[in-house]
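Engineer: First the structure, which I've put down as structure tokens, then a few questions once you've had a look.
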Amino acid sequence: MEEAKGVVKHILLAKFKDDTTPDQIEQLIKGYANLVNLIEPMKAFHWGKDVSVENMHQGFTHVFESTFESTEGVAKYIAHPAHVEFANLFLPTLDKVIVLDYKPTIVHF
């Protein structure tokens, strides 16, 4: 197996509070996506809603994936004023959250 050189995926699993409206969620997603334009180390952003038939989501409904070139890039992102400002809006709307960072690993056969 070969760990990707430098690339780091930052994954956030979220369950929004019941009183967070669909319009609020849409605006938060747009704000999250816009961070890629404001924070240089953030190279890409993707998101989606749970569509699994396994029913193992533990209440989590949304996944957000950001791509960085290094763990140092993730650290710069976390400390960046635009991220801090967004997190102060985003996190209070969540009932549950999990954040994981990982380096994708290629499996060679």
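By order in the structure tokens, chains are A, B, ...; within a chain, residues start at 1; ligands start at 1, following the order shown.
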Neighbours of range 28-36 of chain A within 8 Å (only C-alpha atoms; same-chain residues fewer than 2 positions away dropped), as a list in words?
Structural biologist: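 After dropping sequence-adjacent residues, the list is Gln24, Ile25, Glu26, Leu38, Ile39, Glu40, Met42, Lys43, Ala44, Phe45, His46, Ala82, His83, Phe86 and Phe90 of chain A.
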Engineer: Would you mind listing what lies within 6 Å of Phe64 in chain A as a list of chain:residue names, with only C-alpha atoms counted and same-chain residues fewer than 6 positions away left out?
Structural biologist: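 Those residues are A:Ile11, A:Leu12, A:His46, A:Trp47.
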Engineer: Take the residues that were just selected and, keeping N, CA and C atoms, output them as a tab-separated table (two decimals), in the first residue's frame.
Structural biologist:
```tsv
chain	number	residue	atom	x	y	z
A	11	ILE	N	-12.58	15.38	6.40
A	11	ILE	CA	-13.95	14.91	6.32
A	11	ILE	C	-14.73	15.37	7.54
A	12	LEU	N	-15.91	15.96	7.30
A	12	LEU	CA	-16.79	16.36	8.38
A	12	LEU	C	-18.14	15.69	8.16
A	46	HIS	N	-16.21	19.13	-1.65
A	46	HIS	CA	-17.36	18.36	-2.11
A	46	HIS	C	-18.27	18.10	-0.92
A	47	TRP	N	-19.53	17.91	-1.18
A	47	TRP	CA	-20.45	17.56	-0.10
A	47	TRP	C	-21.56	16.67	-0.66
```
Engineer: Enumerate the residues of chain A with a DSSP assignment of alpha helix (DSSP H), computed from the backbone, and present them as a PyMOL selection string.
Structural biologist: chain A and resi 22-38+71-79+81-90
Engineer: Quick one: DSSP strand (DSSP E or B) residues in range 41-101 of chain A, as a ChimeraX atom specification?
Structural biologist: /A:42-49,62-68,94-101
Engineer: Please produce a file of those selected residues containing N, CA and C atoms, as a PDB file, in the first residue's frame.
Structural biologist:
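Writing the result to part.pdb gives the following:
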```pdb
ATOM      1  N   MET A  42      -6.791  25.244   0.944  1.00  0.00           N
ATOM      2  CA  MET A  42      -7.956  24.409   0.638  1.00  0.00           C
ATOM      3  C   MET A  42      -8.084  24.312  -0.873  1.00  0.00           C
ATOM      4  N   LYS A  43      -7.862  23.106  -1.426  1.00  0.00           N
ATOM      5  CA  LYS A  43      -7.779  22.927  -2.881  1.00  0.00           C
ATOM      6  C   LYS A  43      -9.093  22.500  -3.520  1.00  0.00           C
ATOM      7  N   ALA A  44      -9.962  21.817  -2.764  1.00  0.00           N
ATOM      8  CA  ALA A  44     -11.216  21.343  -3.330  1.00  0.00           C
ATOM      9  C   ALA A  44     -12.224  21.116  -2.212  1.00  0.00           C
ATOM     10  N   PHE A  45     -13.499  21.143  -2.581  1.00  0.00           N
ATOM     11  CA  PHE A  45     -14.596  20.928  -1.638  1.00  0.00           C
ATOM     12  C   PHE A  45     -15.702  20.142  -2.329  1.00  0.00           C
ATOM     13  N   HIS A  46     -16.213  19.127  -1.647  1.00  0.00           N
ATOM     14  CA  HIS A  46     -17.363  18.361  -2.111  1.00  0.00           C
ATOM     15  C   HIS A  46     -18.269  18.096  -0.918  1.00  0.00           C
ATOM     16  N   TRP A  47     -19.531  17.905  -1.180  1.00  0.00           N
ATOM     17  CA  TRP A  47     -20.454  17.558  -0.105  1.00  0.00           C
ATOM     18  C   TRP A  47     -21.556  16.671  -0.660  1.00  0.00           C
ATOM     19  N   GLY A  48     -22.280  16.030   0.237  1.00  0.00           N
ATOM     20  CA  GLY A  48     -23.417  15.223  -0.159  1.00  0.00           C
ATOM     21  C   GLY A  48     -24.238  14.822   1.049  1.00  0.00           C
ATOM     22  N   LYS A  49     -25.414  14.267   0.765  1.00  0.00           N
ATOM     23  CA  LYS A  49     -26.303  13.768   1.806  1.00  0.00           C
ATOM     24  C   LYS A  49     -26.242  12.246   1.819  1.00  0.00           C
ATOM     25  N   HIS A  62     -25.240  14.552   6.515  1.00  0.00           N
ATOM     26  CA  HIS A  62     -24.441  15.246   5.507  1.00  0.00           C
ATOM     27  C   HIS A  62     -22.958  14.923   5.683  1.00  0.00           C
ATOM     28  N   VAL A  63     -22.236  14.900   4.557  1.00  0.00           N
ATOM     29  CA  VAL A  63     -20.782  14.730   4.594  1.00  0.00           C
ATOM     30  C   VAL A  63     -20.152  15.861   3.785  1.00  0.00           C
ATOM     31  N   PHE A  64     -19.087  16.410   4.326  1.00  0.00           N
ATOM     32  CA  PHE A  64     -18.340  17.489   3.679  1.00  0.00           C
ATOM     33  C   PHE A  64     -16.886  17.052   3.570  1.00  0.00           C
ATOM     34  N   GLU A  65     -16.319  17.154   2.369  1.00  0.00           N
ATOM     35  CA  GLU A  65     -14.943  16.719   2.128  1.00  0.00           C
ATOM     36  C   GLU A  65     -14.140  17.875   1.536  1.00  0.00           C
ATOM     37  N   SER A  66     -13.057  18.215   2.200  1.00  0.00           N
ATOM     38  CA  SER A  66     -12.129  19.225   1.701  1.00  0.00           C
ATOM     39  C   SER A  66     -10.788  18.565   1.429  1.00  0.00           C
ATOM     40  N   THR A  67     -10.098  19.043   0.397  1.00  0.00           N
ATOM     41  CA  THR A  67      -8.805  18.481   0.022  1.00  0.00           C
ATOM     42  C   THR A  67      -7.717  19.510   0.241  1.00  0.00           C
ATOM     43  N   PHE A  68      -6.616  19.051   0.821  1.00  0.00           N
ATOM     44  CA  PHE A  68      -5.458  19.899   1.100  1.00  0.00           C
ATOM     45  C   PHE A  68      -4.204  19.205   0.584  1.00  0.00           C
ATOM     46  N   LEU A  94     -25.363  22.417  14.445  1.00  0.00           N
ATOM     47  CA  LEU A  94     -25.196  20.966  14.407  1.00  0.00           C
ATOM     48  C   LEU A  94     -25.593  20.307  15.718  1.00  0.00           C
ATOM     49  N   ASP A  95     -26.268  19.176  15.588  1.00  0.00           N
ATOM     50  CA  ASP A  95     -26.608  18.348  16.734  1.00  0.00           C
ATOM     51  C   ASP A  95     -25.457  17.389  17.033  1.00  0.00           C
ATOM     52  N   LYS A  96     -24.825  16.876  15.932  1.00  0.00           N
ATOM     53  CA  LYS A  96     -23.696  15.954  16.057  1.00  0.00           C
ATOM     54  C   LYS A  96     -22.697  16.266  14.965  1.00  0.00           C
ATOM     55  N   VAL A  97     -21.416  16.061  15.271  1.00  0.00           N
ATOM     56  CA  VAL A  97     -20.371  16.288  14.269  1.00  0.00           C
ATOM     57  C   VAL A  97     -19.194  15.353  14.544  1.00  0.00           C
ATOM     58  N   ILE A  98     -18.596  14.859  13.467  1.00  0.00           N
ATOM     59  CA  ILE A  98     -17.341  14.102  13.534  1.00  0.00           C
ATOM     60  C   ILE A  98     -16.423  14.705  12.473  1.00  0.00           C
ATOM     61  N   VAL A  99     -15.172  14.920  12.830  1.00  0.00           N
ATOM     62  CA  VAL A  99     -14.183  15.413  11.870  1.00  0.00           C
ATOM     63  C   VAL A  99     -13.009  14.448  11.866  1.00  0.00           C
ATOM     64  N   LEU A 100     -12.618  14.026  10.657  1.00  0.00           N
ATOM     65  CA  LEU A 100     -11.470  13.143  10.466  1.00  0.00           C
ATOM     66  C   LEU A 100     -10.594  13.706   9.356  1.00  0.00           C
ATOM     67  N   ASP A 101      -9.300  13.616   9.526  1.00  0.00           N
ATOM     68  CA  ASP A 101      -8.349  13.936   8.466  1.00  0.00           C
ATOM     69  C   ASP A 101      -7.590  12.658   8.131  1.00  0.00           C
TER      70      ASP A 101
END
```
Engineer: I'd like the interatomic distance between CA of Ser70 in chain A and CA of Phe109 in chain A, to a tenth of an Å.
Structural biologist: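 Separation of CA of Ser70 in chain A and CA of Phe109 in chain A: 26.3 Å.
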Engineer: Please measure the separation of CA of Asp18 in chain A and CA of Gln58 in chain A, giving the value in Å to one decimal.
Structural biologist: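 Separation of CA of Asp18 in chain A and CA of Gln58 in chain A: 15.0 Å.
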Engineer: At what distance in Å, to one decimal, does CA of Leu91 in chain A lie from CA of Asp19 in chain A?
Structural biologist: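 Between these atoms lies a distance of 13.7 Å.
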Engineer: Here is a test: counting only C-alpha atoms, which residue of A:Gly6, A:Pro41, A:Pro92, A:Gly59 is nearest to Ala75 in chain A?
Structural biologist: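 Between A:Gly6, A:Pro41, A:Pro92, A:Gly59, the residue approaching Ala75 in chain A most closely is A:Pro41.
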